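Contents: one structure, followed by commentary.
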Amino acid sequence: MKRLRARFSGRGLVVALPYLWLLLFFVAPFVIVLKISFSEVDLAIPPYKPLFSWYAEHALAIRLNFNNYAFLFTDKLYADAFLNSVKVALVSTILCLLIGYPMAYGMARARPRTRNVLLLLVVLPFWTSQLLRVYAWIGLLKANGVVNNVLIRLGVIHNPLALLYTPFAMYVGIVYSYLPFVILPLYANIEKMDWQLIEAAEDLGCRPWQAFYKITLPLSRNGILAGSMLVFIPAVCEFVIPTLLGGPNSLMIGRILWDEFFSNRAWPVASAVAILMLLLLVPFMMWYQSIQARETAGPSG
Amino acid sequence: MNRRNSVFVLSCLAFGYAFLYIPIMSMVVFSFNASKLVTVWDTANSPTLKWFYALLCDDEILGAAWISLKIALINATGSVILGVLAGYGLARFPKFRGRASLNAMTTAPLVMPEVITGLSLLLLFVALEQETGWPAGRGVGTMIMSHMTFSMAYVTVVLRSRLATFDLSLEEAAMDLGARPVKVFFLITLPIILPAILSGWLLAFTLSWDYLVISSFTSGPGSSTLPMVIYSKVRLGVSPEVNALATLTIGAVTIIVVGVSLWMARANRLAQAP
């Protein structure tokens with residue numbers, strides 16, 4: 001009895017509240033999305049009732065309707081959007097790594113005092129509103145924006161370039177927004193590295209580039225993977241950046257979901273899109289979790 | 001150990017920081033431009049504070065900022081409570097039923113794309129209302145619940161990593177001297193993890209202040225948050241008032257982040273002193 005009370009009053013209570021909260025607000029919603037993705041699209045009914053009209057009709061019959069999924073697979077628009085989103089996310093991830101890796105490396109090798117300042121300068125944009133930082137690029141890239149004005153002033157071009165509302169602008173926006181997410185895990189990883197290994201390699205006649213390729217790069221594998229996941233996963237579903245910088249025709253799956261939901265009011269189709277996105281991303285999320293578990297277990301264990 | 005960086009690495013650093021800061025700086029500079037075109041400098045009348053004044057007179061923005069502030073404050077406090085409980089449980093109890101699932105549920109929101117979570121939460125609220133009548137309609141309440149679900153995950157990570165590097169002998173000493181676990185927590189653990197709680201609170205506040213997609217899905221009529229209003233303004237191009245707002249945001253973030261980092265560095269030095 002005493003033991004039972006201790007279990008319920010102490011530990012149980014501590015974790016019960018967050019546990020139940022996440023069960024209700026994080027897990028349950030996915031079950032509902034899954035359920036609605038199998039319901040019928042009904043365009044005639046008012047915005048708030050559509051979901052449950054089918055539920056009342058077939059209250060006892062479990063009728064799965066695969067039409068939403070069939071629709072997504074037959075309409076070329078969705079397949080194209082899916083492929084394009086994966087491509088955009090992949091290219092953005094590579095660009096982030098190419099810019100972020102040397103930065104993280106340079107930060108980790110700077111003097112402690114400089115290092116703290118450099119770290120703070122990476123963290124600051126991260127705390128500033130992402131929406132406002134994306135907005136900044138509208139001012140830079142528009143027809144009479146900063147980039148065009150500077151290029152015209154320098155005499156490089158005579159007529160403004162069409163930069164805004166292009167795939168280029170979208171890539172710039174995504175790389176810009178997610179760069180801190182790739183620098184921070186990389187920095188945390190490289191900073192822990194044993195530099196004596198490099199010195200030893202160089203003493204034994206390794207060229208700096210060789211030492212980097214053979215030692216630093218493999219050792220920072222977890223940082224590279226963690227940073228890539230933090231860019232790739234959200235970038236696949238990005239909605240704000242394609243809409244603000246990519247223009248009305250940018251074909252991204254996050255935008256399609258939004259439009260299906262808000263403009264077409266096709267909630268079951270939007271749910272099916274969400275389920276397919278999840279199926280695509282869950283392996284990457286689990287991968288990220290296992291990397292994180294390894295990273296946190298490493299130093300303390 | 002601290003070997004010099006090569007010219008290549010140094011130029012990468014310079015390029016990277018220029019890339020990070022030129023857009024932010026340009027936003028700030030042009031917020032003082034008198035021209036409505038924002039990026040075409042009006043030499044005759046600039047610099048000016050007129051867009052800051054216009055911002056203060058814009059009831060739509062002020063109203064939305066007030067709603068965002070309310071949500072962010074409640075969200076940050078709620079997230080810290082949930083996050084401290086979850087972080088403490090995960091860091092201190094090596095074995096309990098549901099540990100693995102709690103672990104997964106607190107890390108998954110960190111990488112869950114906003115469009116998926118926004119959609120699923122809205123469908124949850126609609127279904128709940130249909131079945132139980134609660135929550136009646138959507139608005140500030142449903143937005144707070146949605147924000148808390150995601151920002152508590154961040155607080156959990158912060159708290160958990162702080163507790164992982166915690167000197168357990170302090171707690172054990174207090175327990176050996178007869179203090180009950182609750183007392184140990186409030187007298188020993190809480191004061192030591194207070195800086196982590198503060199940074200968790202600030203993180204939750206900032207996240208909530210920024211959530212656009214989740215808020216758009218879970219808000220109701222008449223409860224537009226600041227990011228939602230900004231988004232509808234900038235969808236059609238630049239707006240000088242948004243530049244002014246950006247300057248204020250960047251100023252506030254810089255002061256708070258630099259201030260807190262200095263304070264934490266000092267606290268760490270004091271903690272490490274013998």
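Every chain in the structure tokens has a letter given in the order shown (A, B, ...), and although residue numbers restart at 1 in each chain, ligands are simply numbered from 1 in the order shown.
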
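All chain B residues having an atom within 6 Å of chain A, based on only C-alpha atoms, amount to Asn2, Val9, Leu13, Pro23, Met27, Thr39, Leu82, Leu85, Ala86, Gly89, Pro113, Ile116, Ser120, Leu121, Leu124, Asp210 and Arg235 of chain B.
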
Would you kindly return, as a list in words, each protein, DNA or RNA residue with an atom no farther than 7 Å from any atom of range 84-87 of chain A, considering only C-alpha atoms and excluding same-chain residues fewer than 2 positions away?
-> Asp80, Ala81, Phe82, Ala89, Leu90, Val91, Val236, Leu251, Met252 and Ile253 of chain A

Which of these, A:Ala188, A:Pro208, A:Gly246, A:Tyr213, has the shortest distance to Glu295 in chain A once you count only C-alpha atoms?
-> A:Ala188

Write out as a PyMOL selection string all residues of range 66-216 of chain B that backbone DSSP assigns to alpha helix (DSSP H).
-> chain B and resi 66-92+99-111+114-132+140-164+168-176+181-184+190-210+213-216

Residues of the last selection are to be written out with C-alpha atoms, as a compact mmCIF listing (two decimals), in the first residue's frame.
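Once written, result35.txt looks like this:
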# COMPACT_ATOMS: atom_id res chain seq x y z
CA TRP B 66 -1.78 42.34 -27.84
CA ILE B 67 -3.32 38.95 -28.72
CA SER B 68 0.13 37.56 -29.54
CA LEU B 69 1.52 38.88 -26.27
CA LYS B 70 -1.26 37.26 -24.22
CA ILE B 71 -0.80 33.94 -26.00
CA ALA B 72 3.00 34.06 -25.73
CA LEU B 73 2.94 34.83 -21.98
CA ILE B 74 0.46 32.09 -21.09
CA ASN B 75 2.14 29.67 -23.49
CA ALA B 76 5.62 30.28 -22.09
CA THR B 77 4.47 29.76 -18.50
CA GLY B 78 2.44 26.66 -19.33
CA SER B 79 5.21 25.20 -21.48
CA VAL B 80 7.73 25.68 -18.69
CA ILE B 81 5.49 23.80 -16.23
CA LEU B 82 4.93 20.90 -18.64
CA GLY B 83 8.53 20.98 -19.87
CA VAL B 84 10.05 20.94 -16.37
CA LEU B 85 7.87 17.98 -15.40
CA ALA B 86 8.68 16.05 -18.57
CA GLY B 87 12.38 16.99 -18.54
CA TYR B 88 12.70 16.10 -14.85
CA GLY B 89 10.92 12.78 -15.36
CA LEU B 90 13.06 11.82 -18.34
CA ALA B 91 16.34 12.90 -16.77
CA ARG B 92 15.76 11.50 -13.27
CA ARG B 99 9.26 6.35 -20.72
CA ALA B 100 10.05 5.47 -24.33
CA SER B 101 6.78 6.90 -25.60
CA LEU B 102 7.16 10.07 -23.53
CA ASN B 103 10.65 10.43 -24.95
CA ALA B 104 9.34 10.03 -28.50
CA MET B 105 6.41 12.40 -27.92
CA THR B 106 8.67 15.15 -26.57
CA THR B 107 11.22 14.93 -29.39
CA ALA B 108 8.90 14.40 -32.36
CA PRO B 109 7.30 17.89 -32.17
CA LEU B 110 10.78 19.39 -32.69
CA VAL B 111 10.95 18.06 -36.24
CA GLU B 114 4.02 23.06 -39.02
CA VAL B 115 1.50 22.46 -41.80
CA ILE B 116 0.91 18.90 -40.62
CA THR B 117 0.59 19.79 -36.95
CA GLY B 118 -1.58 22.82 -37.66
CA LEU B 119 -3.97 20.79 -39.77
CA SER B 120 -4.13 17.90 -37.30
CA LEU B 121 -4.73 20.15 -34.30
CA LEU B 122 -7.54 21.97 -36.06
CA LEU B 123 -9.18 18.68 -36.98
CA LEU B 124 -8.83 17.59 -33.35
CA PHE B 125 -10.52 20.74 -32.07
CA VAL B 126 -13.33 20.40 -34.60
CA ALA B 127 -13.85 16.75 -33.67
CA LEU B 128 -13.74 17.50 -29.94
CA GLU B 129 -16.26 20.29 -30.31
CA GLN B 130 -18.53 18.03 -32.32
CA GLU B 131 -18.37 15.25 -29.74
CA THR B 132 -18.16 17.09 -26.42
CA VAL B 140 -6.98 32.40 -28.26
CA GLY B 141 -7.62 29.28 -26.16
CA THR B 142 -7.11 26.76 -28.94
CA MET B 143 -4.03 28.65 -30.14
CA ILE B 144 -2.51 28.51 -26.63
CA MET B 145 -3.09 24.76 -26.42
CA SER B 146 -1.50 24.24 -29.84
CA HIS B 147 1.49 26.44 -29.12
CA MET B 148 2.08 24.77 -25.75
CA THR B 149 2.17 21.31 -27.30
CA PHE B 150 5.11 22.34 -29.46
CA SER B 151 7.02 24.77 -27.30
CA MET B 152 6.92 22.42 -24.29
CA ALA B 153 9.00 19.99 -26.37
CA TYR B 154 11.73 22.64 -26.71
CA VAL B 155 11.60 23.42 -22.99
CA THR B 156 11.88 19.69 -22.25
CA VAL B 157 15.06 19.44 -24.34
CA VAL B 158 16.63 22.45 -22.61
CA LEU B 159 15.70 21.23 -19.12
CA ARG B 160 16.69 17.66 -19.78
CA SER B 161 20.16 18.53 -21.00
CA ARG B 162 20.63 20.87 -18.02
CA LEU B 163 19.56 18.13 -15.59
CA ALA B 164 21.85 15.62 -17.30
CA LEU B 168 23.48 14.60 -8.26
CA SER B 169 25.43 14.53 -5.00
CA LEU B 170 23.78 17.82 -4.02
CA GLU B 171 20.35 16.24 -4.17
CA GLU B 172 21.58 13.08 -2.50
CA ALA B 173 23.12 15.05 0.36
CA ALA B 174 19.82 16.82 0.99
CA MET B 175 17.95 13.51 0.92
CA ASP B 176 20.45 11.94 3.32
CA PRO B 181 11.86 14.71 -2.59
CA VAL B 182 9.48 17.64 -3.07
CA LYS B 183 11.47 19.75 -0.63
CA VAL B 184 14.73 18.75 -2.33
CA LEU B 190 14.95 24.45 -8.76
CA PRO B 191 17.43 27.22 -7.84
CA ILE B 192 20.19 25.46 -9.77
CA ILE B 193 18.17 24.90 -12.93
CA LEU B 194 16.61 28.38 -12.79
CA PRO B 195 18.78 29.77 -15.63
CA ALA B 196 17.72 26.83 -17.83
CA ILE B 197 14.08 27.47 -16.89
CA LEU B 198 14.48 31.12 -17.82
CA SER B 199 15.97 30.29 -21.21
CA GLY B 200 13.25 27.70 -21.75
CA TRP B 201 10.63 30.32 -20.93
CA LEU B 202 12.17 32.82 -23.35
CA LEU B 203 12.42 30.16 -26.06
CA ALA B 204 8.74 29.19 -25.60
CA PHE B 205 7.75 32.87 -25.65
CA THR B 206 9.68 33.53 -28.87
CA LEU B 207 8.38 30.42 -30.61
CA SER B 208 4.80 31.34 -29.77
CA TRP B 209 5.34 34.94 -30.84
CA ASP B 210 6.47 33.58 -34.25
CA VAL B 213 1.13 28.32 -39.71
CA ILE B 214 -0.06 26.65 -36.50
CA SER B 215 -1.89 29.85 -35.50
CA SER B 216 -3.53 30.24 -38.92
